[in-house]
Each structure stands twice: as C-alpha cells, then as structure tokens.
Amino acid sequence: MIHSPCVAKCGLNDDDICMGCYRTIDEIVGWSAGDDGFKTQVWEKLALRKTELAKGEFSESNSISRQKWLEAEARIALNER
C-alpha cells in the first residue's frame with residue numbers, strides 16, 4: 001500500500017496544484033482509485049514539482065472548491081473510458 005502525500009494543508013494555486021502536497025487536482029481526486037503504478041508516478045513527480053514551484057513566486061492559494069473537484073472527477077472518468 002502506498003500512502004498519500006497529503007499533509008492536510010490543502011490550497012490550490014492558479015495551476016490547480018496543491019501547495020501542501022504538490023499534487024495536481026486530478027492526482028488528488030484520482031488517488032483513492034489509482035493503482036500502485038499511478039501512485040508511484042505521482043510520488044516521483046512531487047520533488048521536482050516542488051522545486052520548480054519554489055523557483056517562481058507562488059500565486060495565492062485557494063481552497064479546493066467542490067466545483068474544481070467535480071471537474072476533475074469528470075476529466076478522470078472520461079480518461080478511463
């Protein structure tokens with residue numbers, strides 16, 4: 001079992017990346033249904049993503065809205081077809 005990178009400090013930047021765990025909204029929404037391959041790929045991206053985001057100025061983070069969550073669920077459902 002691969003544990004979630006969530007640190008319970010959720011807030012999305014303008015690119016829909018959580019400034020707590022550095023996952024995209026799609027990665028967050030898809031986490032529970034993702035297989036170990038998906039989860040490993042996400043974990044492999046986090047350190048680089050964190051470094052890249054640290055080079056620029058962080059945009060104001062926003063909480064994850066229900067609307068963004070539903071949009072991500074819809075995208076994931078389409079990709080699973």
# chains A, B, ... in the order shown; residues from 1 in each chain; ligands from 1

$ select_by_dssp --residues "range 2-33 of chain A" --states "strand (DSSP E or B)" --output "list in words"
Leu12, Ile17, Cys18 and Thr24 of chain A

$ select_by_dssp --residues "range 10-70 of chain A" --states "alpha helix (DSSP H)" --output "VMD selection string"
chain A and resid 25 to 30 36 to 55 66 to 70

$ residues_around --residues "range 38-54 of chain A" --least-positions-apart "2" --cutoff "8 Å" --atoms "only C-alpha atoms" --output "list in words"
Ile2, Pro5, Cys21, Tyr22, Arg23, Glu27, Trp31, Gly34, Asp35, Asp36, Gly56, Glu57 and Phe58 of chain A

$ residues_around --residues "range 67-80 of chain A" --least-positions-apart "5" --cutoff "10 Å" --atoms "only C-alpha atoms" --output "list in words"
Leu12, Asp16, Thr24, Ile25, Asp26, Glu27, Ile28, Val29 and Gly30 of chain A

$ write_last_selection --atoms "N, CA, C and O atoms" --output "PDB file, in the first residue's frame"
ATOM      1  N   LEU A  12      -5.032  25.218  -3.515  1.00  0.00           N
ATOM      2  CA  LEU A  12      -4.616  25.153  -4.911  1.00  0.00           C
ATOM      3  C   LEU A  12      -4.085  26.494  -5.389  1.00  0.00           C
ATOM      4  O   LEU A  12      -4.645  27.537  -5.068  1.00  0.00           O
ATOM      5  N   ASP A  16      -3.885  24.863 -10.356  1.00  0.00           N
ATOM      6  CA  ASP A  16      -4.569  23.739  -9.712  1.00  0.00           C
ATOM      7  C   ASP A  16      -3.599  22.704  -9.142  1.00  0.00           C
ATOM      8  O   ASP A  16      -3.836  21.498  -9.201  1.00  0.00           O
ATOM      9  N   THR A  24      -1.481  17.658  -8.472  1.00  0.00           N
ATOM     10  CA  THR A  24      -2.499  18.366  -9.246  1.00  0.00           C
ATOM     11  C   THR A  24      -3.866  17.948  -8.725  1.00  0.00           C
ATOM     12  O   THR A  24      -4.003  16.913  -8.054  1.00  0.00           O
ATOM     13  N   ILE A  25      -4.871  18.719  -9.050  1.00  0.00           N
ATOM     14  CA  ILE A  25      -6.225  18.378  -8.622  1.00  0.00           C
ATOM     15  C   ILE A  25      -6.624  17.010  -9.164  1.00  0.00           C
ATOM     16  O   ILE A  25      -7.248  16.208  -8.468  1.00  0.00           O
ATOM     17  N   ASP A  26      -6.222  16.689 -10.392  1.00  0.00           N
ATOM     18  CA  ASP A  26      -6.551  15.383 -10.961  1.00  0.00           C
ATOM     19  C   ASP A  26      -5.867  14.256 -10.183  1.00  0.00           C
ATOM     20  O   ASP A  26      -6.449  13.190  -9.972  1.00  0.00           O
ATOM     21  N   GLU A  27      -4.631  14.476  -9.760  1.00  0.00           N
ATOM     22  CA  GLU A  27      -3.923  13.464  -8.975  1.00  0.00           C
ATOM     23  C   GLU A  27      -4.572  13.279  -7.609  1.00  0.00           C
ATOM     24  O   GLU A  27      -4.659  12.165  -7.099  1.00  0.00           O
ATOM     25  N   ILE A  28      -5.042  14.372  -7.023  1.00  0.00           N
ATOM     26  CA  ILE A  28      -5.698  14.294  -5.716  1.00  0.00           C
ATOM     27  C   ILE A  28      -7.003  13.510  -5.831  1.00  0.00           C
ATOM     28  O   ILE A  28      -7.259  12.583  -5.063  1.00  0.00           O
ATOM     29  N   VAL A  29      -7.818  13.880  -6.802  1.00  0.00           N
ATOM     30  CA  VAL A  29      -9.122  13.239  -6.968  1.00  0.00           C
ATOM     31  C   VAL A  29      -8.958  11.771  -7.363  1.00  0.00           C
ATOM     32  O   VAL A  29      -9.696  10.906  -6.894  1.00  0.00           O
ATOM     33  N   GLY A  30      -7.973  11.467  -8.185  1.00  0.00           N
ATOM     34  CA  GLY A  30      -7.775  10.101  -8.656  1.00  0.00           C
ATOM     35  C   GLY A  30      -7.010   9.198  -7.707  1.00  0.00           C
ATOM     36  O   GLY A  30      -6.886   7.996  -7.953  1.00  0.00           O
TER      37      GLY A  30
END

$ atom_distance --atom1 "CA of Gly37 in chain A" --atom2 "CA of Lys55 in chain A"
28.5 Å

$ atom_distance --atom1 "CA of Cys18 in chain A" --atom2 "CA of Ser65 in chain A"
12.0 Å
